[in-house]
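Structure data (mmCIF, C-alpha atoms) from final-v4.cif:
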```
data_my_file
loop_
_atom_site.label_atom_id
_atom_site.label_comp_id
_atom_site.auth_asym_id
_atom_site.auth_seq_id
_atom_site.Cartn_x
_atom_site.Cartn_y
_atom_site.Cartn_z
CA MET A 143 0.00 0.00 0.00
CA ARG A 144 1.46 3.37 -1.10
CA ASP A 145 0.89 6.95 0.04
CA ALA A 146 0.16 8.14 -3.52
CA ALA A 147 -1.43 6.64 -6.63
CA GLY A 148 1.29 5.18 -8.81
CA PRO A 149 4.59 3.34 -8.48
CA GLN A 150 6.27 6.59 -7.40
CA GLY A 151 4.33 6.57 -4.12
CA ASN A 152 6.16 5.56 -0.96
CA ILE A 153 5.30 2.15 0.47
CA ILE A 154 3.28 2.58 3.67
CA GLU A 155 2.70 -1.08 4.43
CA LYS A 156 2.93 -4.52 2.86
CA LEU A 157 -0.50 -6.12 3.17
CA PRO A 158 -0.57 -9.90 3.68
CA TYR A 159 -2.71 -12.02 1.36
CA GLY A 160 -6.25 -12.17 2.72
CA THR A 161 -6.38 -8.63 4.12
CA LYS A 162 -9.92 -7.30 3.75
CA LEU A 163 -10.09 -3.78 2.30
CA ASP A 164 -12.69 -1.14 1.58
CA TRP A 165 -12.03 0.92 -1.53
CA SER A 166 -13.04 3.79 -3.79
CA PRO A 167 -13.74 2.12 -7.17
CA PRO A 168 -12.31 3.74 -10.31
CA SER A 169 -14.60 6.25 -12.00
CA SER A 170 -15.67 6.24 -15.65
CA THR A 171 -13.09 8.92 -16.40
CA ASP A 172 -10.15 6.98 -14.96
CA LYS A 173 -7.85 5.37 -17.50
CA LYS A 174 -6.26 1.98 -17.19
CA VAL A 175 -2.53 1.80 -16.68
CA TYR A 176 -0.23 -1.16 -16.40
CA VAL A 177 2.59 -2.49 -14.27
CA ILE A 178 5.25 -5.05 -15.09
CA ASP A 179 5.22 -7.93 -12.61
CA ASP A 180 7.83 -10.64 -13.08
CA GLY A 181 8.08 -9.76 -16.76
CA GLU A 182 4.30 -9.81 -17.30
CA LYS A 183 2.25 -6.74 -18.26
CA ILE A 184 -0.75 -6.38 -15.91
CA GLU A 185 -3.48 -3.75 -16.46
CA GLY A 186 -5.57 -2.03 -13.80
CA TYR A 187 -6.14 1.16 -11.81
CA TRP A 188 -4.50 2.73 -8.79
CA VAL A 189 -7.33 2.90 -6.25
CA LYS A 190 -7.67 4.27 -2.73
CA VAL A 191 -8.12 1.59 -0.04
CA TRP A 192 -8.28 1.26 3.73
CA ARG A 193 -8.56 -1.73 6.00
CA SER A 194 -12.11 -2.99 6.44
CA VAL A 195 -11.98 -3.76 10.12
CA PRO A 196 -14.96 -4.80 12.23
CA TYR A 197 -13.22 -4.14 15.53
CA GLN A 198 -12.93 -0.75 17.18
CA GLU A 199 -9.22 -0.61 17.94
CA LEU A 200 -8.21 -0.15 14.29
CA LYS A 201 -11.03 2.09 13.07
CA GLY A 202 -9.70 5.28 11.54
CA ASN A 203 -6.69 3.41 10.16
CA PRO A 204 -4.63 5.14 7.43
CA GLU A 205 -5.62 5.11 3.78
CA GLY A 206 -3.36 4.28 0.88
CA TYR A 207 -3.27 3.19 -2.75
CA VAL A 208 -2.92 -0.24 -4.32
CA PHE A 209 -3.10 -1.57 -7.87
CA SER A 210 -6.59 -2.94 -8.57
CA ALA A 211 -5.34 -6.02 -10.45
CA TYR A 212 -4.26 -7.45 -7.09
CA LEU A 213 -7.73 -7.08 -5.52
CA ASP A 214 -10.51 -9.64 -5.58
CA TYR A 215 -13.97 -9.89 -4.08
CA HIS A 216 -13.29 -13.38 -2.74
CA LEU A 217 -10.44 -15.38 -1.29
CA LYS A 218 -9.22 -17.97 -3.75
CA GLU A 219 -6.94 -19.61 -1.20
CA ILE A 220 -6.84 -19.88 2.56
CA PRO A 221 -4.23 -17.42 3.87
CA GLU A 222 -1.54 -19.48 5.58
CA ARG A 223 -1.55 -17.17 8.60
CA SER A 224 -5.24 -17.87 9.15
CA LEU A 225 -5.07 -21.69 9.04
CA TYR A 226 -5.12 -21.97 12.85
CA LEU A 227 -7.85 -19.38 13.49
CA TYR A 228 -10.56 -21.04 15.53
CA ASN A 229 -13.80 -20.30 17.32
CA ARG A 230 -12.99 -22.81 20.02
CA PHE A 231 -11.12 -26.00 20.76
CA SER A 232 -10.92 -28.45 23.64
CA ILE A 233 -8.65 -31.34 24.55
CA GLN A 234 -9.12 -33.98 27.21
CA GLU A 235 -6.99 -36.79 28.60
CA GLU A 236 -9.36 -39.65 29.41
CA GLN A 237 -7.40 -41.45 32.14
CA SER A 238 -6.24 -38.41 34.12
CA GLN A 239 -9.38 -36.39 33.26
CA THR A 240 -7.23 -33.32 32.62
CA TYR A 241 -8.61 -30.89 30.08
CA PHE A 242 -8.01 -27.56 28.39
CA GLU A 243 -10.57 -25.58 26.43
CA SER A 244 -10.39 -22.23 24.71
CA SER A 245 -13.00 -20.13 22.90
CA TYR A 246 -13.49 -16.67 21.45
CA HIS A 247 -16.61 -14.62 22.05
CA ILE A 248 -17.02 -12.41 19.01
CA ASP A 249 -19.61 -9.64 18.91
CA LYS A 250 -22.09 -9.16 16.08
CA ASP A 251 -19.73 -6.84 14.17
CA THR A 252 -17.04 -9.47 13.84
CA TYR A 253 -19.20 -12.57 13.49
CA ASN A 254 -18.60 -14.44 10.22
CA TYR A 255 -15.57 -12.40 9.14
CA SER A 256 -13.39 -15.46 9.57
CA ALA A 257 -10.48 -15.72 7.14
CA TYR A 258 -10.83 -12.05 6.30
CA ILE A 259 -9.64 -10.79 9.67
CA ASP A 260 -6.34 -9.60 8.27
CA CYS A 261 -4.73 -12.96 8.98
CA TYR A 262 -4.14 -12.15 12.64
CA PRO A 263 -3.06 -15.48 14.11
CA TRP A 264 -4.29 -14.98 17.69
CA TYR A 265 -7.12 -12.44 17.56
CA ASP A 266 -5.05 -9.93 19.53
CA GLU A 267 -6.75 -7.05 17.74
CA HIS A 268 -10.28 -8.44 17.77
CA PHE A 269 -13.09 -6.58 19.40
CA GLY A 270 -14.27 -9.46 21.49
CA TYR A 271 -12.95 -11.43 24.42
CA HIS A 272 -11.31 -14.77 24.91
CA SER A 273 -11.88 -17.30 27.65
CA ALA A 274 -9.88 -20.36 28.56
CA SER A 275 -10.19 -22.91 31.33
CA ASN A 276 -8.15 -25.91 32.33
CA ASN A 277 -7.24 -28.12 35.25
CA SER A 278 -3.68 -28.78 34.14
CA LYS A 279 -1.25 -25.89 33.77
CA GLU A 280 1.09 -28.13 31.80
CA MET A 281 -1.40 -28.11 28.91
CA TYR A 282 -1.49 -24.33 28.66
CA ILE A 283 1.30 -22.54 26.79
CA SER A 284 1.75 -18.76 26.33
CA GLN A 285 -1.01 -18.41 23.74
CA PRO A 286 -4.02 -20.67 23.09
CA ALA A 287 -2.98 -21.03 19.44
CA ASP A 288 0.45 -22.21 20.63
CA THR A 289 -1.31 -24.85 22.71
CA LEU A 290 -3.21 -26.01 19.62
CA LYS A 291 0.00 -26.09 17.58
CA SER A 292 1.56 -28.46 20.10
CA PHE A 293 -0.96 -31.13 19.03
CA ILE A 294 -1.42 -30.59 15.27
CA LYS A 295 0.30 -29.04 12.26
CA LEU A 296 -1.57 -27.66 9.22
CA GLU A 297 -0.12 -27.19 5.72
CA LEU A 298 -1.67 -26.47 2.31
CA VAL A 299 -0.47 -29.11 -0.17
CA ASP A 300 -0.62 -30.03 -3.86
CA TYR A 301 -3.20 -32.79 -4.45
CA ASN A 302 -1.31 -34.25 -7.42
CA LYS A 303 1.68 -34.88 -5.18
CA VAL A 304 -0.01 -36.18 -2.05
CA ILE A 305 -2.46 -38.51 -3.81
CA LYS A 306 0.56 -40.61 -4.83
CA GLN A 307 1.25 -41.18 -1.11
CA LYS A 308 -2.26 -42.43 -0.25
CA LYS A 309 -2.16 -45.34 2.23
CA LYS A 310 -4.57 -48.23 2.69
CA THR A 311 -6.04 -48.83 6.15
CA ASP A 312 -7.96 -51.57 7.95
CA PHE A 313 -10.97 -49.22 7.91
CA ASP A 314 -11.22 -48.50 4.19
CA LEU A 315 -14.85 -48.46 3.08
CA ASP A 316 -16.33 -50.91 0.58
CA TYR A 317 -19.50 -49.75 -1.19
CA SER A 318 -20.35 -52.92 -3.14
CA PHE A 319 -23.29 -53.72 -0.84
CA GLN A 320 -26.08 -51.15 -0.69
CA PRO A 321 -29.22 -51.90 1.36
CA GLU A 322 -32.69 -51.40 -0.07
CA LEU A 323 -34.29 -48.31 1.45
CA LEU A 324 -37.82 -48.91 2.71
CA PRO A 325 -40.43 -46.42 3.93
CA ILE A 326 -41.22 -46.00 7.61
CA ASN A 327 -44.65 -47.31 8.60
CA LYS A 328 -47.30 -44.60 8.31
CA ASN A 329 -48.38 -45.11 11.91
CA GLU A 330 -44.84 -44.23 13.07
CA SER A 331 -44.27 -41.04 11.07
CA GLU A 332 -45.87 -38.95 8.35
CA HIS A 333 -42.48 -37.82 6.98
CA ASN A 334 -41.72 -39.41 3.61
CA PHE A 335 -37.97 -38.74 3.85
CA LEU A 336 -37.55 -41.11 6.80
CA LYS A 337 -36.34 -44.57 5.78
CA ARG A 338 -35.41 -47.95 7.20
CA TYR A 339 -33.27 -50.80 5.86
CA TYR A 340 -31.85 -54.20 6.80
CA LEU A 341 -28.19 -55.14 7.19
CA PRO A 342 -27.36 -58.85 6.73
CA LEU A 343 -25.35 -60.46 9.54
CA LYS A 344 -22.88 -63.31 9.13
CA ASN A 345 -24.93 -65.59 11.40
CA GLY A 346 -27.75 -65.57 8.85
CA ASP A 347 -29.91 -62.99 10.62
CA SER A 348 -30.42 -59.36 9.65
CA LEU A 349 -30.56 -56.13 11.63
CA GLU A 350 -33.14 -53.42 10.96
CA ILE A 351 -31.82 -49.85 11.00
CA LYS A 352 -34.59 -47.27 11.35
CA ALA A 353 -34.77 -43.49 11.17
CA HIS A 354 -35.49 -41.61 14.38
CA THR A 355 -39.16 -40.66 14.43
CA GLY A 356 -39.39 -38.62 17.63
CA GLU A 357 -39.54 -34.86 18.16
CA TYR A 358 -36.57 -34.25 15.85
CA PRO A 359 -36.89 -36.91 13.12
CA HIS A 360 -33.77 -37.77 11.15
CA CYS A 361 -32.36 -40.66 9.14
CA VAL A 362 -29.58 -43.07 10.00
CA GLU A 363 -27.64 -43.30 6.76
CA TYR A 364 -25.74 -46.36 5.62
CA ILE A 365 -22.15 -45.43 4.68
CA GLY A 366 -20.36 -48.65 3.78
CA GLU A 367 -18.75 -51.89 4.86
CA LEU A 368 -15.43 -52.30 6.69
CA LYS A 369 -14.58 -55.77 5.42
CA LYS A 370 -11.32 -56.18 7.35
CA GLN A 371 -13.14 -55.31 10.58
CA ASN A 372 -16.37 -57.26 9.98
CA LYS A 373 -18.30 -54.05 10.54
CA TYR A 374 -20.72 -51.68 8.84
CA LEU A 375 -20.47 -47.91 9.23
CA VAL A 376 -23.67 -45.88 9.69
CA VAL A 377 -24.25 -42.25 10.62
CA ALA A 378 -27.09 -40.25 12.17
CA ASP A 379 -27.22 -36.68 10.86
CA PHE A 380 -28.80 -34.44 13.48
CA GLU A 381 -26.98 -31.24 14.47
CA GLY A 382 -23.73 -32.98 13.61
CA LEU A 383 -22.72 -36.40 12.34
CA GLU A 384 -22.87 -39.25 14.87
CA TYR A 385 -21.09 -42.34 13.52
CA ALA A 386 -21.59 -45.91 14.70
CA TRP A 387 -20.13 -49.30 13.80
CA ILE A 388 -22.42 -52.33 13.43
CA ASN A 389 -20.75 -55.65 14.23
CA GLN A 390 -21.52 -58.04 11.34
CA LEU A 391 -21.15 -61.09 13.60
CA THR A 392 -23.38 -60.06 16.52
CA GLY A 393 -25.36 -57.03 15.34
CA GLU A 394 -23.97 -54.97 18.23
CA ARG A 395 -24.09 -51.22 17.63
CA ILE A 396 -20.92 -49.39 18.75
CA ASN A 397 -21.61 -45.67 19.09
CA GLY A 398 -18.90 -43.01 18.92
CA ALA A 399 -17.19 -44.67 15.95
CA PHE A 400 -14.32 -42.98 14.15
CA PRO A 401 -15.03 -42.59 10.41
CA LYS A 402 -11.32 -42.30 9.53
CA VAL A 403 -8.78 -44.49 11.35
CA SER A 404 -5.06 -44.21 10.63
CA PRO A 405 -3.04 -47.00 8.97
CA ASN A 406 -1.50 -47.99 12.34
CA ASN A 407 -4.91 -47.82 14.13
CA ARG A 408 -3.55 -45.24 16.60
CA TYR A 409 -5.63 -42.20 15.56
CA GLY A 410 -9.27 -41.59 14.73
CA VAL A 411 -10.40 -38.49 12.81
CA SER A 412 -13.79 -36.99 11.96
CA HIS A 413 -14.45 -33.94 9.76
CA GLU A 414 -17.73 -32.21 9.07
CA ILE A 415 -19.70 -28.97 8.93
CA VAL A 416 -22.92 -28.21 10.80
CA TYR A 417 -25.66 -25.82 9.77
CA TYR A 418 -25.65 -23.74 12.95
CA GLU A 419 -21.91 -22.95 13.05
CA ASP A 420 -19.47 -21.63 10.48
CA GLY A 421 -16.15 -23.32 9.92
CA ALA A 422 -14.76 -26.82 9.86
CA GLN A 423 -15.48 -29.20 12.73
CA ILE A 424 -12.49 -31.49 13.28
CA GLY A 425 -12.29 -34.27 15.87
CA ILE A 426 -9.09 -36.21 16.62
CA SER A 427 -8.73 -39.12 19.04
CA TRP A 428 -5.62 -40.96 20.20
CA LEU A 429 -6.55 -44.68 20.37
CA ASP A 430 -5.45 -47.66 22.43
CA ALA A 431 -5.21 -51.25 21.17
CA ASN A 432 -8.98 -51.69 21.65
CA LEU A 433 -9.78 -48.55 19.62
CA LYS A 434 -10.79 -46.67 22.77
CA ALA A 435 -9.91 -42.99 22.93
CA THR A 436 -7.20 -42.11 25.45
CA LYS A 437 -7.09 -38.43 24.44
CA SER A 438 -9.49 -36.33 22.37
CA LEU A 439 -9.12 -33.00 20.58
CA TYR A 440 -12.06 -31.09 19.08
CA ILE A 441 -11.62 -27.90 17.03
CA ASN A 442 -14.11 -25.57 15.35
CA PHE A 443 -11.92 -23.72 12.86
CA GLN A 444 -12.99 -20.26 11.77
CA SER A 445 -11.32 -19.56 8.44
CA TRP A 446 -12.05 -22.67 6.37
CA ILE A 447 -14.74 -25.22 5.52
CA VAL A 448 -14.03 -28.94 5.20
CA SER A 449 -15.84 -31.43 2.99
CA SER A 450 -17.97 -33.83 5.05
CA SER A 451 -17.58 -36.62 2.47
CA LEU A 452 -15.33 -39.40 3.73
CA ASP A 453 -14.17 -40.02 0.16
CA ASP A 454 -12.56 -36.57 0.10
CA SER A 455 -10.01 -37.35 2.82
CA PHE A 456 -7.22 -39.91 2.93
CA TRP A 457 -4.18 -40.88 4.97
CA ILE A 458 -0.66 -40.50 3.58
CA SER A 459 1.16 -41.80 6.67
CA ASP A 460 0.38 -43.10 10.15
CA ASN A 461 -0.19 -39.55 11.47
CA GLU A 462 -0.90 -37.44 8.35
CA ILE A 463 -4.35 -37.07 6.80
CA ILE A 464 -5.33 -34.99 3.75
CA LEU A 465 -8.57 -32.95 3.94
CA MET A 466 -10.43 -31.15 1.14
CA VAL A 467 -11.13 -27.56 2.24
CA HIS A 468 -12.00 -24.10 0.97
CA PRO A 469 -11.94 -20.54 2.39
CA ILE A 470 -15.04 -19.82 4.39
CA ASP A 471 -15.81 -16.55 2.60
CA ASN A 472 -16.72 -18.41 -0.59
CA THR A 473 -19.94 -19.53 1.05
CA ILE A 474 -20.91 -16.73 3.42
CA GLN A 475 -19.66 -13.57 1.73
CA GLU A 476 -21.45 -12.25 -1.33
CA VAL A 477 -20.94 -8.88 -2.97
CA GLU A 478 -23.93 -6.94 -4.27
CA MET A 479 -24.57 -7.80 -7.93
CA ASP A 480 -21.93 -10.51 -7.71
CA GLU A 481 -22.73 -14.00 -8.96
CA PRO A 482 -22.67 -16.78 -6.32
CA MET A 483 -19.31 -18.51 -6.34
CA GLU A 484 -18.39 -22.14 -6.55
CA PRO A 485 -16.06 -23.07 -3.67
CA GLN A 486 -12.35 -22.87 -4.42
CA TRP A 487 -11.36 -26.30 -3.12
CA HIS A 488 -7.84 -26.95 -1.86
CA TYR A 489 -6.09 -29.71 0.05
CA LEU A 490 -4.80 -29.42 3.58
CA LYS A 491 -2.41 -31.78 5.34
CA LEU A 492 -3.21 -32.28 9.01
CA THR A 493 -0.34 -33.83 10.96
CA ILE A 494 -1.04 -35.25 14.41
CA LEU A 495 1.94 -34.53 16.66
#
```
I'd like the structure from this file rewritten - as C-alpha cells, please.
Amino acid sequence: MRDAAGPQGNIIEKLPYGTKLDWSPPSSTDKKVYVIDDGEKIEGYWVKVWRSVPYQELKGNPEGYVFSAYLDYHLKEIPERSLYLYNRFSIQEEQSQTYFESSYHIDKDTYNYSAYIDCYPWYDEHFGYHSASNNSKEMYISQPADTLKSFIKLELVDYNKVIKQKKKTDFDLDYSFQPELLPINKNESEHNFLKRYYLPLKNGDSLEIKAHTGEYPHCVEYIGELKKQNKYLVVADFEGLEYAWINQLTGERINGAFPKVSPNNRYGVSHEIVYYEDGAQIGISWLDANLKATKSLYINFQSWIVSSSLDDSFWISDNEIILMVHPIDNTIQEVEMDEPMEPQWHYLKLTIL
C-alpha cells in the first residue's frame, strides 16, 4: 500500500494475502494503466483503499493506494496465517481427566468475518474477548494457538503430489453392498424422507436400521462396509454427524465410531460442517489397542470449511491425513450484484503430533 497513486508513491505497508479492504472504485473517467510484474504486463487502476476492520481498535486506520489487479472480491486460497484461526477447541486426557478448552466470544460486528480478519493469528486485535479454562497448567502454553500447535500441524499441499502417497487402512470403506431403502410405517411417522433398511449379519440374521421418528426426526444413513473389521459404518445426521459401527457377527451397535482411522490404528479423525456454526469441525482421538480414545481433541476452525464426504479425505502416513477444504468466505460472503461462487477447493495436510 502506497501513500500516492502510482509506483512513485512511498510504500506505507505490505498487506498480507487475505487482508480485507474497503475501496473507492475507479470512476468512468479513470484510465487503465499497467505495471510489469515478473516480466508480465498487468493492467488495472491505482485505487484508494483502507482496512475494512470490524473491531474498534483499528477504526480510523490510514488510507493508501494499491493496484486494482491485485484485488478480488473473494479469497481464492486460505491465507496461511489464518489456518489456525478457531472459534474454540478443547482437549481432554481420558485417564487423568485433565482438560483444556479455549473459545473466542465475538460480537455481532465481527461474526462471520473469519479468514478475512487480516490474517491475525491470535485475535489480539479483535473486538471481542477470549476465555480459557483448564485443570492442568502443563497443557497451557503462552497463547491458546500455541497450545493447539503443540498437538497438530496444518499445511496447504498439492493434491497431485499427495495422492501418490495415499495409504490403505484396515478401515477402508467398501460400497459394493447397498441396502434397499424402505419407507417407515405410516403409523410411526408422516415424513416421507424417513427410511429404514436391513443389514445382513454373518450368522444368517439381519438387523433393521430405522430413522429416528421422535420430536426431531432424522435418518440413520448407511455409509459402507469395513470388510477387514467385519463391521458396517452408519451415521445419524442431526446437528452434527454421529457415527456408529455395526458388528456383522453379533449385530452390536458401537456408538462413537471414528469414520477415519489411521493405517496404524492409533488415531481416529472426523471432519464435518454443521448448519448452525461456520467453519470446519475437526475431531481427533488418540486410540489404544482396543480402539478406545485415550485423548481427544475437538476444534471448530474459523477460516475454512471442510468437505464432510469421507471419500474426500485420505491418509498419507500413520499420522498425516489430507482434507479437502476451501476458504469460508466463498460460502458466506457475497458482494452486491456478484454471482454466487463455486467453492475454491484446496487440500490441507493435518499432521497429528
Nearest to Ser438 (chain A), chosen from A:Ser232, A:Asn461, A:Asn407, A:Thr171, with only C-alpha atoms counted in the distances: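 Looking at the shortest contact to Ser438 (chain A), the residue is A:Ser232.
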6 Å contact set for region 212-220 of chain A, all atoms listed in the file, chain neighbours under 2 positions out, as JSON, numbers by chain: {"A": [210, 469, 486]}
Name the closest residue to Ile178 (chain A) among the candidates A:Ile424, A:Ile463, A:Leu375, A:Ala211; distances are taken between atoms, counting only C-alpha atoms.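 Going through A:Ile424, A:Ile463, A:Leu375, A:Ala211 one by one, the smallest distance to Ile178 (chain A) is for A:Ala211.
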If I take CA of Gly160 (chain A) and CA of Trp446 (chain A), how far is one from the other in Å, to one decimal?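 CA of Trp446 (chain A) lies at a distance of 12.5 Å from CA of Gly160 (chain A).
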Assuming 4 Å of padding per side, give the centre and edge lengths of the axis-aligned box around every listed atom of region 332-338 of chain A, in Å to one decimal and as JSON.
```
{"center_x": -40.6, "center_y": -42.9, "center_z": 6.0, "size_x": 18.5, "size_y": 18.1, "size_z": 12.7}
```
Do you know which residues are at most 8 Å from Leu343 (chain A) counting all atoms listed in the file, after dropping those on the same chain fewer than 4 positions away, and could you put them as a PyMOL selection string? chain A and resi 347-349+390-393
For Tyr207 (chain A), find every residue with an atom within 9 Å (counting all atoms listed in the file), except residues of its own chain fewer than 3 positions away, and show them as a list in words.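 Neighbouring residues, sequence-local ones excluded: Met143, Arg144, Asp145, Ala146, Ala147, Gly148, Gly151, Trp188, Val189, Lys190, Val191 and Trp192 of chain A.
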With a cut-off of 12 Å, could you pull out the residues of region 328-377 of chain A touching region 314-322 of chain A and give me the nearest pair of atoms for each, distance in Å to one decimal, using all atoms listed in the file, ordered by chain and ascending number, as a Markdown table?
```
| residue | atom | partner | partner_atom | distance |
| --- | --- | --- | --- | --- |
| A:Lys337 | CA | A:Glu322 | CA | 9.7 |
| A:Arg338 | CA | A:Glu322 | CA | 8.5 |
| A:Tyr339 | CA | A:Glu322 | CA | 6.0 |
| A:Tyr340 | CA | A:Pro321 | CA | 6.5 |
| A:Leu341 | CA | A:Pro321 | CA | 6.7 |
| A:Pro342 | CA | A:Pro321 | CA | 9.0 |
| A:Ser348 | CA | A:Pro321 | CA | 11.2 |
| A:Leu349 | CA | A:Pro321 | CA | 11.2 |
| A:Glu350 | CA | A:Pro321 | CA | 10.5 |
| A:Ile351 | CA | A:Pro321 | CA | 10.2 |
| A:Glu363 | CA | A:Pro321 | CA | 10.3 |
| A:Tyr364 | CA | A:Pro321 | CA | 7.8 |
| A:Ile365 | CA | A:Tyr317 | CA | 7.8 |
| A:Gly366 | CA | A:Tyr317 | CA | 5.2 |
| A:Glu367 | CA | A:Asp316 | CA | 5.0 |
| A:Leu368 | CA | A:Leu315 | CA | 5.3 |
| A:Lys369 | CA | A:Asp316 | CA | 7.1 |
| A:Lys370 | CA | A:Asp314 | CA | 8.3 |
| A:Gln371 | CA | A:Asp314 | CA | 9.5 |
| A:Asn372 | CA | A:Leu315 | CA | 11.3 |
| A:Lys373 | CA | A:Leu315 | CA | 9.9 |
| A:Tyr374 | CA | A:Leu315 | CA | 8.8 |
| A:Leu375 | CA | A:Leu315 | CA | 8.3 |
| A:Val376 | CA | A:Leu315 | CA | 11.3 |
```
Dump region 237-244 of chain A with all heavy atoms to a file, as a PDB file, in the first residue's frame.
```pdb
ATOM      1  N   GLN A 237      -7.771 -40.768  30.902  1.00  0.00           N
ATOM      2  CA  GLN A 237      -7.402 -41.447  32.139  1.00  0.00           C
ATOM      3  C   GLN A 237      -7.224 -40.468  33.295  1.00  0.00           C
ATOM      4  O   GLN A 237      -7.749 -40.673  34.389  1.00  0.00           O
ATOM      5  CB  GLN A 237      -6.118 -42.259  31.940  1.00  0.00           C
ATOM      6  CG  GLN A 237      -5.744 -43.092  33.164  1.00  0.00           C
ATOM      7  CD  GLN A 237      -4.590 -44.036  32.873  1.00  0.00           C
ATOM      8  OE1 GLN A 237      -4.056 -44.065  31.770  1.00  0.00           O
ATOM      9  NE2 GLN A 237      -4.212 -44.834  33.859  1.00  0.00           N
ATOM     10  N   SER A 238      -6.497 -39.377  33.050  1.00  0.00           N
ATOM     11  CA  SER A 238      -6.244 -38.414  34.121  1.00  0.00           C
ATOM     12  C   SER A 238      -7.371 -37.401  34.272  1.00  0.00           C
ATOM     13  O   SER A 238      -7.417 -36.663  35.254  1.00  0.00           O
ATOM     14  CB  SER A 238      -4.939 -37.665  33.842  1.00  0.00           C
ATOM     15  OG  SER A 238      -5.048 -36.902  32.642  1.00  0.00           O
ATOM     16  N   GLN A 239      -8.278 -37.348  33.271  1.00  0.00           N
ATOM     17  CA  GLN A 239      -9.381 -36.390  33.259  1.00  0.00           C
ATOM     18  C   GLN A 239      -8.894 -34.939  33.299  1.00  0.00           C
ATOM     19  O   GLN A 239      -9.580 -34.053  33.797  1.00  0.00           O
ATOM     20  CB  GLN A 239     -10.340 -36.652  34.427  1.00  0.00           C
ATOM     21  CG  GLN A 239     -11.160 -37.928  34.274  1.00  0.00           C
ATOM     22  CD  GLN A 239     -12.079 -37.881  33.055  1.00  0.00           C
ATOM     23  OE1 GLN A 239     -12.997 -37.074  32.981  1.00  0.00           O
ATOM     24  NE2 GLN A 239     -11.815 -38.758  32.091  1.00  0.00           N
ATOM     25  N   THR A 240      -7.691 -34.698  32.776  1.00  0.00           N
ATOM     26  CA  THR A 240      -7.229 -33.322  32.618  1.00  0.00           C
ATOM     27  C   THR A 240      -7.776 -32.777  31.308  1.00  0.00           C
ATOM     28  O   THR A 240      -7.965 -33.516  30.339  1.00  0.00           O
ATOM     29  CB  THR A 240      -5.694 -33.244  32.615  1.00  0.00           C
ATOM     30  OG1 THR A 240      -5.180 -34.075  31.560  1.00  0.00           O
ATOM     31  CG2 THR A 240      -5.125 -33.698  33.946  1.00  0.00           C
ATOM     32  N   TYR A 241      -8.031 -31.478  31.281  1.00  0.00           N
ATOM     33  CA  TYR A 241      -8.607 -30.888  30.080  1.00  0.00           C
ATOM     34  C   TYR A 241      -8.111 -29.459  29.915  1.00  0.00           C
ATOM     35  O   TYR A 241      -7.623 -28.822  30.849  1.00  0.00           O
ATOM     36  CB  TYR A 241     -10.136 -30.888  30.150  1.00  0.00           C
ATOM     37  CG  TYR A 241     -10.694 -29.915  31.171  1.00  0.00           C
ATOM     38  CD1 TYR A 241     -10.969 -28.586  30.828  1.00  0.00           C
ATOM     39  CD2 TYR A 241     -10.929 -30.312  32.481  1.00  0.00           C
ATOM     40  CE1 TYR A 241     -11.455 -27.695  31.767  1.00  0.00           C
ATOM     41  CE2 TYR A 241     -11.417 -29.427  33.421  1.00  0.00           C
ATOM     42  CZ  TYR A 241     -11.683 -28.115  33.061  1.00  0.00           C
ATOM     43  OH  TYR A 241     -12.157 -27.231  33.994  1.00  0.00           O
ATOM     44  N   PHE A 242      -8.238 -28.971  28.691  1.00  0.00           N
ATOM     45  CA  PHE A 242      -8.009 -27.562  28.389  1.00  0.00           C
ATOM     46  C   PHE A 242      -8.994 -27.183  27.300  1.00  0.00           C
ATOM     47  O   PHE A 242      -9.173 -27.916  26.331  1.00  0.00           O
ATOM     48  CB  PHE A 242      -6.578 -27.320  27.900  1.00  0.00           C
ATOM     49  CG  PHE A 242      -6.336 -25.900  27.458  1.00  0.00           C
ATOM     50  CD1 PHE A 242      -6.121 -24.906  28.390  1.00  0.00           C
ATOM     51  CD2 PHE A 242      -6.352 -25.560  26.115  1.00  0.00           C
ATOM     52  CE1 PHE A 242      -5.912 -23.592  27.997  1.00  0.00           C
ATOM     53  CE2 PHE A 242      -6.149 -24.248  25.705  1.00  0.00           C
ATOM     54  CZ  PHE A 242      -5.929 -23.265  26.656  1.00  0.00           C
ATOM     55  N   GLU A 243      -9.660 -26.043  27.462  1.00  0.00           N
ATOM     56  CA  GLU A 243     -10.570 -25.575  26.426  1.00  0.00           C
ATOM     57  C   GLU A 243     -10.417 -24.073  26.262  1.00  0.00           C
ATOM     58  O   GLU A 243     -10.119 -23.354  27.217  1.00  0.00           O
ATOM     59  CB  GLU A 243     -12.018 -25.942  26.748  1.00  0.00           C
ATOM     60  CG  GLU A 243     -12.530 -25.469  28.087  1.00  0.00           C
ATOM     61  CD  GLU A 243     -13.918 -26.020  28.383  1.00  0.00           C
ATOM     62  OE1 GLU A 243     -14.428 -26.792  27.553  1.00  0.00           O
ATOM     63  OE2 GLU A 243     -14.475 -25.678  29.427  1.00  0.00           O
ATOM     64  N   SER A 244     -10.596 -23.627  25.042  1.00  0.00           N
ATOM     65  CA  SER A 244     -10.388 -22.226  24.714  1.00  0.00           C
ATOM     66  C   SER A 244     -11.438 -21.807  23.699  1.00  0.00           C
ATOM     67  O   SER A 244     -11.756 -22.564  22.772  1.00  0.00           O
ATOM     68  CB  SER A 244      -8.984 -22.032  24.128  1.00  0.00           C
ATOM     69  OG  SER A 244      -8.806 -20.719  23.648  1.00  0.00           O
TER      70      SER A 244
END
```
